[in-house]
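Enquirer: Input structure: query_30.txt, which contains compact mmCIF, C-alpha atoms.
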# COMPACT_ATOMS: atom_id res chain seq x y z
CA MET B 1 -1.59 23.91 -3.47
CA ASP B 2 -5.34 24.07 -3.03
CA GLY B 3 -6.44 22.52 -6.30
CA SER B 4 -8.86 24.18 -8.65
CA ALA B 5 -11.69 26.28 -7.28
CA PRO B 6 -14.99 24.48 -6.88
CA SER B 7 -18.02 25.63 -8.79
CA PRO B 8 -19.58 28.39 -6.70
CA ALA B 9 -23.08 27.08 -7.35
CA ARG B 10 -22.58 23.99 -5.21
CA ALA B 11 -19.26 23.88 -3.44
CA PHE B 12 -20.61 20.94 -1.53
CA SER B 13 -23.94 19.43 -0.69
CA VAL B 14 -25.33 17.56 2.25
CA VAL B 15 -27.36 14.73 0.79
CA ARG B 16 -29.67 12.13 2.19
CA ASP B 17 -29.46 8.58 0.91
CA ARG B 18 -26.86 9.54 -1.63
CA VAL B 19 -23.60 8.28 -0.19
CA PRO B 20 -21.98 6.31 -3.01
CA ALA B 21 -22.22 2.61 -2.25
CA ASP B 22 -18.45 2.05 -2.22
CA ILE B 23 -17.89 4.83 0.31
CA ALA B 24 -20.70 3.57 2.55
CA ALA B 25 -19.28 0.06 2.30
CA ARG B 26 -15.79 1.28 3.20
CA ALA B 27 -17.05 3.23 6.21
CA GLU B 28 -18.90 0.13 7.35
CA ALA B 29 -16.06 -2.33 6.78
CA ARG B 30 -13.32 -0.25 8.30
CA PHE B 31 -15.08 1.51 11.09
CA GLY B 32 -18.11 -0.60 11.89
CA LEU B 33 -20.51 2.10 10.78
CA LYS B 34 -23.78 0.62 9.72
CA ASP B 35 -24.92 1.57 6.28
CA ASP B 36 -28.33 2.56 7.55
CA ALA B 37 -30.61 5.49 6.97
CA GLU B 38 -29.26 7.35 9.99
CA THR B 39 -25.65 7.27 8.85
CA ARG B 40 -26.51 8.12 5.29
CA SER B 41 -28.72 11.00 6.29
CA ALA B 42 -25.80 12.67 8.03
CA ALA B 43 -23.44 12.64 5.06
CA ALA B 44 -21.78 15.70 3.63
CA MET B 45 -20.30 15.48 0.18
CA LEU B 46 -17.67 17.63 -1.45
CA VAL B 47 -17.35 18.14 -5.13
CA ALA B 48 -14.15 17.35 -6.96
CA GLY B 49 -11.28 19.76 -6.44
CA ALA B 50 -11.87 20.41 -2.77
CA ASN B 51 -9.81 23.10 -1.12
CA LEU B 52 -9.26 24.04 2.49
CA ASP B 53 -12.21 26.47 2.55
CA THR B 54 -14.79 24.08 1.12
CA VAL B 55 -13.65 21.29 3.44
CA ARG B 56 -13.90 23.60 6.46
CA ARG B 57 -17.37 24.72 5.41
CA ALA B 58 -18.47 21.12 4.95
CA LEU B 59 -17.14 20.19 8.41
CA ASP B 60 -19.02 23.19 9.83
CA GLU B 61 -22.25 21.37 8.93
CA ASN B 62 -21.45 18.86 11.71
CA SER B 63 -22.05 15.99 9.36
CA PHE B 64 -20.55 12.64 10.04
CA LEU B 65 -19.11 11.86 6.65
CA THR B 66 -17.21 14.46 4.67
CA VAL B 67 -16.19 13.06 1.32
CA GLU B 68 -14.49 14.57 -1.66
CA LEU B 69 -15.77 13.20 -4.92
CA THR B 70 -13.48 12.24 -7.77
CA GLU B 71 -14.15 13.97 -11.06
CA LEU B 72 -15.86 10.84 -12.32
CA GLU B 73 -18.30 10.74 -9.41
CA ASP B 74 -18.93 14.46 -9.71
CA THR B 75 -19.95 14.23 -13.34
CA THR B 76 -22.22 11.22 -12.96
CA GLY B 77 -24.84 13.13 -11.03
CA ALA B 78 -24.10 11.91 -7.53
CA VAL B 79 -24.33 15.39 -6.04
CA ASP B 80 -27.61 17.17 -6.53
CA GLY B 81 -29.02 16.81 -3.08
CA ASP B 82 -30.53 19.28 -0.68
CA TRP B 83 -28.89 20.97 2.28
CA LEU B 84 -30.33 19.05 5.15
CA GLY B 85 -27.93 19.55 8.04
CA ALA B 86 -28.55 16.38 10.00
CA PRO B 87 -26.94 16.05 13.44
CA PRO B 88 -23.91 13.79 13.79
CA VAL B 89 -24.80 10.19 14.53
CA GLU B 90 -22.10 9.78 17.13
CA GLN B 91 -19.06 11.47 18.55
CA GLY B 92 -16.76 11.51 15.60
CA PHE B 93 -16.25 12.44 12.01
CA TYR B 94 -15.03 10.85 8.86
CA LEU B 95 -13.22 12.82 6.20
CA SER B 96 -12.38 11.29 2.85
CA LEU B 97 -10.20 13.24 0.41
CA THR B 98 -8.39 12.48 -2.79
CA THR B 99 -4.60 12.43 -2.72
CA GLY B 100 -4.36 15.28 -5.23
CA SER B 101 -6.27 17.59 -2.90
CA ALA B 102 -4.91 16.27 0.39
CA TYR B 103 -1.31 16.90 -0.70
CA GLY B 104 -0.48 20.40 0.44
CA MET B 105 -3.81 20.90 2.24
CA ARG B 106 -2.26 20.56 5.72
CA CYS B 107 -4.82 17.93 6.65
CA ALA B 108 -3.53 17.50 10.20
CA VAL B 109 -4.09 21.20 10.90
CA LEU B 110 -7.55 20.93 9.37
CA VAL B 111 -8.50 17.89 11.47
CA CYS B 112 -7.10 19.41 14.68
CA ASP B 113 -8.95 22.68 14.00
CA GLU B 114 -12.11 20.64 13.63
CA LEU B 115 -11.45 18.67 16.85
CA ALA B 116 -10.88 21.99 18.64
CA ARG B 117 -14.03 23.49 17.15
CA ARG B 118 -16.03 20.53 18.45
CA GLY B 119 -14.52 21.05 21.91
CA VAL B 120 -12.56 17.79 21.88
CA LEU B 121 -8.99 19.05 21.67
CA ARG B 122 -7.54 21.34 24.32
CA PRO B 123 -4.81 23.77 23.19
CA GLU B 124 -2.19 22.19 25.48
CA ARG B 125 -2.72 18.75 23.87
CA ARG B 126 -2.76 20.01 20.34
CA GLY B 127 0.95 20.26 19.42
CA ASN B 128 1.83 16.61 19.96
CA ILE B 129 -1.42 15.23 18.53
CA GLU B 130 -1.11 17.40 15.45
CA LEU B 131 2.50 16.34 14.75
CA CYS B 132 1.62 12.68 15.28
CA LEU B 133 -1.37 12.89 12.94
CA HIS B 134 0.65 14.85 10.40
CA GLU B 135 3.23 12.04 10.26
CA ALA B 136 0.54 9.40 9.74
CA ILE B 137 -1.07 11.44 6.95
CA ALA B 138 2.27 12.20 5.28
CA ASN B 139 3.11 8.47 5.28
CA ALA B 140 -0.31 7.59 3.86
CA ILE B 141 0.06 10.13 1.06
CA VAL B 142 3.72 9.66 0.12
CA HIS B 143 4.46 6.01 0.88
CA GLY B 144 0.89 4.71 0.62
CA ASN B 145 -1.04 6.35 -2.19
CA MET B 146 1.95 7.72 -4.12
CA GLY B 147 3.88 4.47 -3.65
CA ILE B 148 7.26 6.15 -3.06
CA PRO B 149 9.41 3.98 -0.75
CA SER B 150 11.10 5.74 2.15
CA SER B 151 14.37 4.01 1.21
CA THR B 152 14.54 6.33 -1.83
CA LYS B 153 16.12 9.03 0.32
CA GLU B 154 18.87 6.76 1.65
CA GLN B 155 20.77 6.52 -1.64
CA PRO B 156 23.28 9.13 -2.84
CA GLU B 157 21.44 12.16 -4.25
CA GLY B 158 18.29 10.31 -3.19
CA TYR B 159 16.56 13.54 -2.30
CA ARG B 160 16.63 14.61 -5.95
CA LEU B 161 15.03 11.33 -7.02
CA PHE B 162 12.47 11.63 -4.20
CA SER B 163 11.53 15.13 -5.34
CA GLN B 164 11.26 13.96 -8.94
CA LEU B 165 9.03 11.00 -7.97
CA LEU B 166 6.73 13.31 -6.00
CA LYS B 167 6.29 15.50 -9.07
CA GLU B 168 5.65 12.51 -11.32
CA ARG B 169 3.07 10.91 -9.05
CA LEU B 170 1.29 14.23 -8.48
CA GLY B 171 0.77 14.38 -12.23
CA ASP B 172 -0.72 10.88 -12.39
CA THR B 173 -4.53 10.93 -12.42
CA THR B 174 -4.86 7.45 -10.91
CA VAL B 175 -2.59 8.43 -8.01
CA ARG B 176 -4.36 11.79 -7.51
CA GLN B 177 -7.74 10.07 -7.19
CA ARG B 178 -6.67 7.50 -4.60
CA ARG B 179 -8.41 8.25 -1.33
CA ILE B 180 -7.08 9.13 2.02
CA ASP B 181 -9.65 8.50 4.76
CA ILE B 182 -9.36 10.11 8.17
CA PHE B 183 -11.68 8.85 10.85
CA ALA B 184 -11.81 10.51 14.28
CA ARG B 185 -13.80 9.10 17.14
CA TRP B 186 -13.81 10.04 20.79
CA SER B 187 -15.42 9.23 24.10
CA GLY B 188 -14.57 10.44 27.57
CA SER B 189 -10.82 11.03 27.69
CA ASN B 190 -9.96 8.86 24.67
CA LEU B 191 -9.42 10.00 21.12
CA THR B 192 -8.73 7.57 18.29
CA ILE B 193 -7.83 8.67 14.79
CA ALA B 194 -7.51 6.24 11.89
CA VAL B 195 -5.65 7.22 8.73
CA VAL B 196 -6.31 4.93 5.78
CA ASP B 197 -4.75 4.94 2.33
CA GLN B 198 -5.31 2.94 -0.86
CA GLY B 199 -1.69 2.06 -1.53
CA ARG B 200 -0.04 -1.32 -1.66
CA GLY B 201 0.64 -1.48 2.08
CA PHE B 202 3.94 -2.62 3.53
CA ASP B 203 5.48 -5.27 5.73
CA THR B 204 4.59 -3.99 9.18
CA SER B 205 7.31 -6.13 10.79
CA SER B 206 9.86 -3.86 9.09
CA LEU B 207 8.89 -0.83 11.18
CA PRO B 208 11.89 0.67 12.98
CA GLU B 209 12.08 -0.34 16.62
CA GLU B 210 14.83 2.00 17.66
CA ALA B 211 15.89 5.44 16.71
CA ASP B 212 18.74 5.83 14.28
CA ASN B 213 18.93 9.57 14.61
CA ASN B 214 21.24 9.89 11.62
CA ALA B 215 18.99 8.14 9.08
CA HIS B 216 17.29 10.27 6.44
CA SER B 217 14.00 8.40 6.73
CA GLY B 218 11.95 6.27 9.12
CA ARG B 219 11.73 9.00 11.73
CA GLY B 220 8.00 9.55 11.22
CA PHE B 221 7.08 6.27 12.86
CA LEU B 222 9.36 6.92 15.79
CA PHE B 223 7.64 10.29 16.25
CA MET B 224 4.25 8.61 16.26
CA ARG B 225 5.39 6.01 18.77
CA ALA B 226 6.74 8.73 21.04
CA LEU B 227 3.69 11.00 20.81
CA ALA B 228 0.68 8.68 20.79
CA LYS B 229 -0.48 6.61 23.73
CA ARG B 230 -0.69 3.64 21.41
CA ILE B 231 -0.33 3.09 17.69
CA SER B 232 -1.42 0.12 15.65
CA VAL B 233 -1.04 -0.61 11.97
CA THR B 234 -3.63 -2.83 10.31
CA ASP B 235 -4.84 -3.80 6.86
CA GLY B 236 -1.35 -4.77 5.66
CA GLY B 237 0.05 -1.33 6.44
CA ARG B 238 -2.77 0.68 4.88
CA CYS B 239 -4.45 1.73 8.13
CA THR B 240 -2.70 3.52 11.00
CA LEU B 241 -4.65 3.85 14.22
CA LEU B 242 -3.50 6.50 16.67
CA HIS B 243 -4.77 6.47 20.24
CA PHE B 244 -4.47 9.53 22.47
CA ASP B 245 -5.46 10.65 25.93
CA LEU B 246 -7.37 13.89 25.75
CA MET T 247 8.12 27.01 3.45
CA ASP T 248 9.79 30.11 2.03
CA PHE T 249 13.39 31.14 2.43
CA ARG T 250 15.53 34.20 1.98
CA VAL T 251 19.32 34.23 1.64
CA ARG T 252 21.81 36.65 3.18
CA VAL T 253 25.43 36.27 2.10
CA SER T 254 28.31 37.71 4.13
CA PRO T 255 32.07 37.07 3.95
CA GLU T 256 31.78 34.68 6.92
CA SER T 257 28.66 32.75 6.05
CA VAL T 258 25.61 32.09 3.94
CA GLU T 259 22.53 32.68 6.06
CA VAL T 260 19.27 31.02 5.04
CA LEU T 261 16.18 32.42 6.77
CA LEU T 262 13.36 29.89 6.74
CA THR T 263 9.72 30.88 7.29
CA GLY T 264 6.44 29.00 7.53
CA ARG T 265 6.31 25.21 7.74
CA LEU T 266 9.07 22.85 6.61
CA GLU T 267 7.40 19.57 5.72
CA PHE T 268 7.20 16.72 3.25
CA THR T 269 5.71 18.93 0.54
CA ASP T 270 8.88 21.09 0.56
CA HIS T 271 11.32 18.63 -1.01
CA ASP T 272 11.40 20.85 -4.10
CA SER T 273 13.24 23.57 -2.18
CA LEU T 274 16.05 21.32 -0.98
CA PRO T 275 18.10 21.27 -4.23
CA ASP T 276 17.95 25.09 -4.24
CA ILE T 277 19.36 25.26 -0.72
CA VAL T 278 22.03 22.63 -1.49
CA GLN T 279 22.99 24.77 -4.50
CA LEU T 280 23.79 27.65 -2.13
CA LEU T 281 26.60 25.52 -0.70
CA ASP T 282 28.32 25.69 -4.08
CA ASP T 283 27.89 29.44 -4.47
CA PRO T 284 30.75 31.67 -3.31
CA GLY T 285 30.40 32.22 0.42
CA GLY T 286 32.06 31.76 3.76
CA PRO T 287 32.95 28.54 5.54
CA ARG T 288 29.60 28.45 7.35
CA MET T 289 25.96 28.02 6.46
CA VAL T 290 23.52 29.28 9.07
CA LEU T 291 19.92 28.04 8.91
CA ASP T 292 17.87 30.60 10.79
CA MET T 293 14.64 29.01 12.02
CA SER T 294 13.27 31.90 14.05
CA GLY T 295 10.53 32.37 11.43
CA LEU T 296 9.71 28.66 11.21
CA ASP T 297 6.50 27.46 12.91
CA PHE T 298 6.56 23.73 12.22
CA ILE T 299 8.91 21.00 11.06
CA ASP T 300 8.02 17.36 10.44
CA SER T 301 10.19 14.24 10.21
CA ALA T 302 10.70 14.79 6.48
CA GLY T 303 11.90 18.34 7.21
CA LEU T 304 14.37 17.00 9.78
CA GLY T 305 15.54 14.50 7.16
CA MET T 306 16.22 17.47 4.87
CA LEU T 307 18.39 19.06 7.57
CA LEU T 308 20.46 15.87 7.76
CA ILE T 309 20.87 15.80 3.98
CA LEU T 310 22.02 19.44 4.10
CA GLN T 311 24.44 18.50 6.88
CA ASP T 312 25.92 15.70 4.72
CA GLU T 313 26.20 17.97 1.70
CA ALA T 314 27.83 20.73 3.77
CA GLU T 315 30.32 18.30 5.32
CA GLN T 316 31.36 17.07 1.88
CA ARG T 317 32.29 20.68 1.04
CA ASN T 318 33.98 21.42 4.36
CA ILE T 319 31.26 23.88 5.25
CA LYS T 320 29.94 24.02 8.80
CA LEU T 321 26.15 23.93 9.11
CA ILE T 322 24.62 25.71 12.08
CA VAL T 323 20.94 25.70 12.96
CA GLN T 324 19.74 28.64 15.03
CA GLY T 325 16.57 30.21 16.36
CA ALA T 326 14.46 27.03 16.65
CA HIS T 327 11.59 27.51 19.07
CA GLY T 328 8.21 26.07 20.04
CA ASP T 329 7.05 23.11 17.94
CA VAL T 330 10.23 23.23 15.84
CA GLN T 331 12.44 22.90 18.91
CA ARG T 332 10.21 20.07 20.20
CA SER T 333 10.69 18.12 16.94
CA ILE T 334 14.46 18.64 16.94
CA GLU T 335 14.69 17.41 20.53
CA LEU T 336 12.40 14.46 19.86
CA ALA T 337 14.65 13.32 17.01
CA ARG T 338 17.81 14.08 19.06
CA LEU T 339 19.22 16.04 16.13
CA ASN T 340 21.26 18.12 18.55
CA GLU T 341 23.61 15.12 18.75
CA ILE T 342 24.35 15.41 15.04
CA ILE T 343 23.85 19.01 13.98
CA SER T 344 25.20 22.17 15.63
CA ILE T 345 22.19 23.86 17.20
CA ALA T 346 22.61 27.44 18.43
CA SER T 347 19.91 29.23 20.39
Render the structure in this file as structure tokens.

Expert:
Amino acid sequence: MDGSAPSPARAFSVVRDRVPADIAARAEARFGLKDDAETRSAAAMLVAGANLDTVRRALDENSFLTVELTELEDTTGAVDGDWLGAPPVEQGFYLSLTTGSAYGMRCAVLVCDELARRGVLRPERRGNIELCLHEAIANAIVHGNMGIPSSTKEQPEGYRLFSQLLKERLGDTTVRQRRIDIFARWSGSNLTIAVVDQGRGFDTSSLPEEADNNAHSGRGFLFMRALAKRISVTDGGRCTLLHFDL
Amino acid sequence: MDFRVRVSPESVEVLLTGRLEFTDHDSLPDIVQLLDDPGGPRMVLDMSGLDFIDSAGLGMLLILQDEAEQRNIKLIVQGAHGDVQRSIELARLNEIISIAS
């Protein structure tokens, strides 16, 4: 599911001084990025209804911030900027997508392709990092932004209910417009990727410590623990930080 | 993920291709339904065309296993390789599900 096709006239724009204030504030609060002229000048913006191709083309601009706009932002004139391809302000990138577009976009593949394109990710490290990131993104989308508890699958016929809830939430405009933010940053042999959702969070003390290999759910976290060098969950369960050796 | 079905007197064979992940929950009821169709005492899930499976996909295999057991049907997973095999080993599913090479 790639969402609707963007308008061919401006699939995305790189804009100076036009990062919406709430996005700039979020980047600053979560990731310590200063909301200064340098950061803002390196922003790339996507229009509403991003698909894999437009996101890849936006990332190709080597901008620091790649942000999908909600339909509301798109129609209030936020994107009419020029195409100034400013260099990245540091070693990293920040990708912000709406849930409606991120679902089915294979975001982990997209992010790993981008890390490989920038020469950060070697092929032999890719498999484990991609699976780990995939699990974090799937959790953020399904349990975070869509608000579907993982316990749903543990009840009899739970998979039918789970499938039905996915369909319902995918049809809910509020849910579709919740953001998923992916922030990758690297230096030397360290790579850190943060995955942030806008859901209600969860009690992080309830995370499974040990593998119950017969359970229908909860395996994603165990995968992440096994594959990342370190994993931390902050912001009441809304932010998952994955640390890897490159 | 896409799947094709091959029915023989001995078994129902389901050939999975692509990626089996959290966005594929819709397909699960269709595969469970195959357990109720006339077929042999075995269901074979052929994964030789599958490139990727995530934890949600592994959860689907366990649900299929439960559903098959309830109907006295033996579920066999075969042909897993590469990233798919890595995920199955990581989750130690081989202790629960019959995995053939």

Enquirer: Distance limit 10 Å, atoms considered: all atoms listed in the file. Which chain B residues sit that close to chain T? Return them as a PDB file with C-alpha atoms, keeping the file's coordinate frame.

Expert:
ATOM      1  CA  MET B   1      -1.590  23.910  -3.470  1.00  0.00           C
ATOM      2  CA  TYR B 103      -1.310  16.900  -0.700  1.00  0.00           C
ATOM      3  CA  GLY B 104      -0.480  20.400   0.440  1.00  0.00           C
ATOM      4  CA  MET B 105      -3.810  20.900   2.240  1.00  0.00           C
ATOM      5  CA  ARG B 106      -2.260  20.560   5.720  1.00  0.00           C
ATOM      6  CA  GLY B 127       0.950  20.260  19.420  1.00  0.00           C
ATOM      7  CA  ASN B 128       1.830  16.610  19.960  1.00  0.00           C
ATOM      8  CA  LEU B 131       2.500  16.340  14.750  1.00  0.00           C
ATOM      9  CA  CYS B 132       1.620  12.680  15.280  1.00  0.00           C
ATOM     10  CA  HIS B 134       0.650  14.850  10.400  1.00  0.00           C
ATOM     11  CA  GLU B 135       3.230  12.040  10.260  1.00  0.00           C
ATOM     12  CA  ALA B 138       2.270  12.200   5.280  1.00  0.00           C
ATOM     13  CA  ASN B 139       3.110   8.470   5.280  1.00  0.00           C
ATOM     14  CA  ILE B 141       0.060  10.130   1.060  1.00  0.00           C
ATOM     15  CA  VAL B 142       3.720   9.660   0.120  1.00  0.00           C
ATOM     16  CA  LYS B 153      16.120   9.030   0.320  1.00  0.00           C
ATOM     17  CA  GLU B 154      18.870   6.760   1.650  1.00  0.00           C
ATOM     18  CA  PRO B 156      23.280   9.130  -2.840  1.00  0.00           C
ATOM     19  CA  GLU B 157      21.440  12.160  -4.250  1.00  0.00           C
ATOM     20  CA  GLY B 158      18.290  10.310  -3.190  1.00  0.00           C
ATOM     21  CA  TYR B 159      16.560  13.540  -2.300  1.00  0.00           C
ATOM     22  CA  ARG B 160      16.630  14.610  -5.950  1.00  0.00           C
ATOM     23  CA  PHE B 162      12.470  11.630  -4.200  1.00  0.00           C
ATOM     24  CA  SER B 163      11.530  15.130  -5.340  1.00  0.00           C
ATOM     25  CA  GLN B 164      11.260  13.960  -8.940  1.00  0.00           C
ATOM     26  CA  LEU B 166       6.730  13.310  -6.000  1.00  0.00           C
ATOM     27  CA  LYS B 167       6.290  15.500  -9.070  1.00  0.00           C
ATOM     28  CA  ALA B 211      15.890   5.440  16.710  1.00  0.00           C
ATOM     29  CA  ASP B 212      18.740   5.830  14.280  1.00  0.00           C
ATOM     30  CA  ASN B 213      18.930   9.570  14.610  1.00  0.00           C
ATOM     31  CA  ASN B 214      21.240   9.890  11.620  1.00  0.00           C
ATOM     32  CA  ALA B 215      18.990   8.140   9.080  1.00  0.00           C
ATOM     33  CA  HIS B 216      17.290  10.270   6.440  1.00  0.00           C
ATOM     34  CA  SER B 217      14.000   8.400   6.730  1.00  0.00           C
ATOM     35  CA  GLY B 218      11.950   6.270   9.120  1.00  0.00           C
ATOM     36  CA  ARG B 219      11.730   9.000  11.730  1.00  0.00           C
ATOM     37  CA  GLY B 220       8.000   9.550  11.220  1.00  0.00           C
ATOM     38  CA  PHE B 221       7.080   6.270  12.860  1.00  0.00           C
ATOM     39  CA  LEU B 222       9.360   6.920  15.790  1.00  0.00           C
ATOM     40  CA  PHE B 223       7.640  10.290  16.250  1.00  0.00           C
ATOM     41  CA  ALA B 226       6.740   8.730  21.040  1.00  0.00           C
ATOM     42  CA  LEU B 227       3.690  11.000  20.810  1.00  0.00           C
TER      43      LEU B 227
END

Enquirer: Provide the CA of Leu281 (chain T) to CA of Asp248 (chain T) distance in Å, to one decimal place.

Expert: 17.6 Å

Enquirer: State, in Å with one decimal place, the distance from CA of Leu191 (chain B) to CA of Arg176 (chain B).

Expert: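 CA of Arg176 (chain B) lies at a distance of 29.1 Å from CA of Leu191 (chain B).
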
Enquirer: For each of T:Asp297, T:Leu291, T:Ser347, T:Val278, take the minimum atom-to-atom distance to Ala314 (chain T), counting only C-alpha atoms, then give the residue where this is smallest.

Expert: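 Among the listed residues, T:Val278 lies closest to Ala314 (chain T).
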
Enquirer: Taking only C-alpha atoms into account, which of B:Ala58, B:Val120, B:Ile137, B:Leu110 comes nearest Thr240 (chain B)?

Expert: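 When distances to Thr240 (chain B) are compared using only C-alpha atoms, the smallest one comes from B:Ile137.
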
Enquirer: Using CA of Arg230 (chain B) and CA of Ala102 (chain B) as the two end points, give the distance in Å to one decimal.

Expert: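 Interatomic distance here is 24.9 Å.
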
Enquirer: Which residue out of B:Ser232, B:Gln198, B:Thr204, B:Thr192 has the minimum interatomic distance to Leu97 (chain B) when all atoms listed in the file are used?

Expert: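 Residue with the minimum atom-to-atom distance to Leu97 (chain B): B:Gln198.
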
Enquirer: List as a VMD selection string: which residues have an atom within 7 Å of (29.7, 34.1, 4.0), counting all atoms listed in the file?

Expert: chain T and resid 253 to 258 285 to 288

Enquirer: Selected residues, C-alpha atoms, written as a PDB file, in the coordinates of the input, please.

Expert:
ATOM      1  CA  VAL T 253      25.430  36.270   2.100  1.00  0.00           C
ATOM      2  CA  SER T 254      28.310  37.710   4.130  1.00  0.00           C
ATOM      3  CA  PRO T 255      32.070  37.070   3.950  1.00  0.00           C
ATOM      4  CA  GLU T 256      31.780  34.680   6.920  1.00  0.00           C
ATOM      5  CA  SER T 257      28.660  32.750   6.050  1.00  0.00           C
ATOM      6  CA  VAL T 258      25.610  32.090   3.940  1.00  0.00           C
ATOM      7  CA  GLY T 285      30.400  32.220   0.420  1.00  0.00           C
ATOM      8  CA  GLY T 286      32.060  31.760   3.760  1.00  0.00           C
ATOM      9  CA  PRO T 287      32.950  28.540   5.540  1.00  0.00           C
ATOM     10  CA  ARG T 288      29.600  28.450   7.350  1.00  0.00           C
TER      11      ARG T 288
END

Enquirer: Could you give me, as a list of chain:residue names, the residues within 9 Å of Phe202 (chain B), counting only C-alpha atoms and dropping anything in the same chain fewer than 4 positions from it?

Expert: B:Gly144, B:Ser206, B:Gly236, B:Gly237, B:Arg238

Enquirer: Which neighbours of Ser96 (chain B) fall inside 8 Å, counting all atoms listed in the file, when residues of the same chain fewer than 6 positions from it are skipped, and could you give them as a list in words?

Expert: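 What passes the distance filter is Leu65, Thr66, Val67, Glu68, Arg179, Ile180, Asp181 and Ile182 of chain B.
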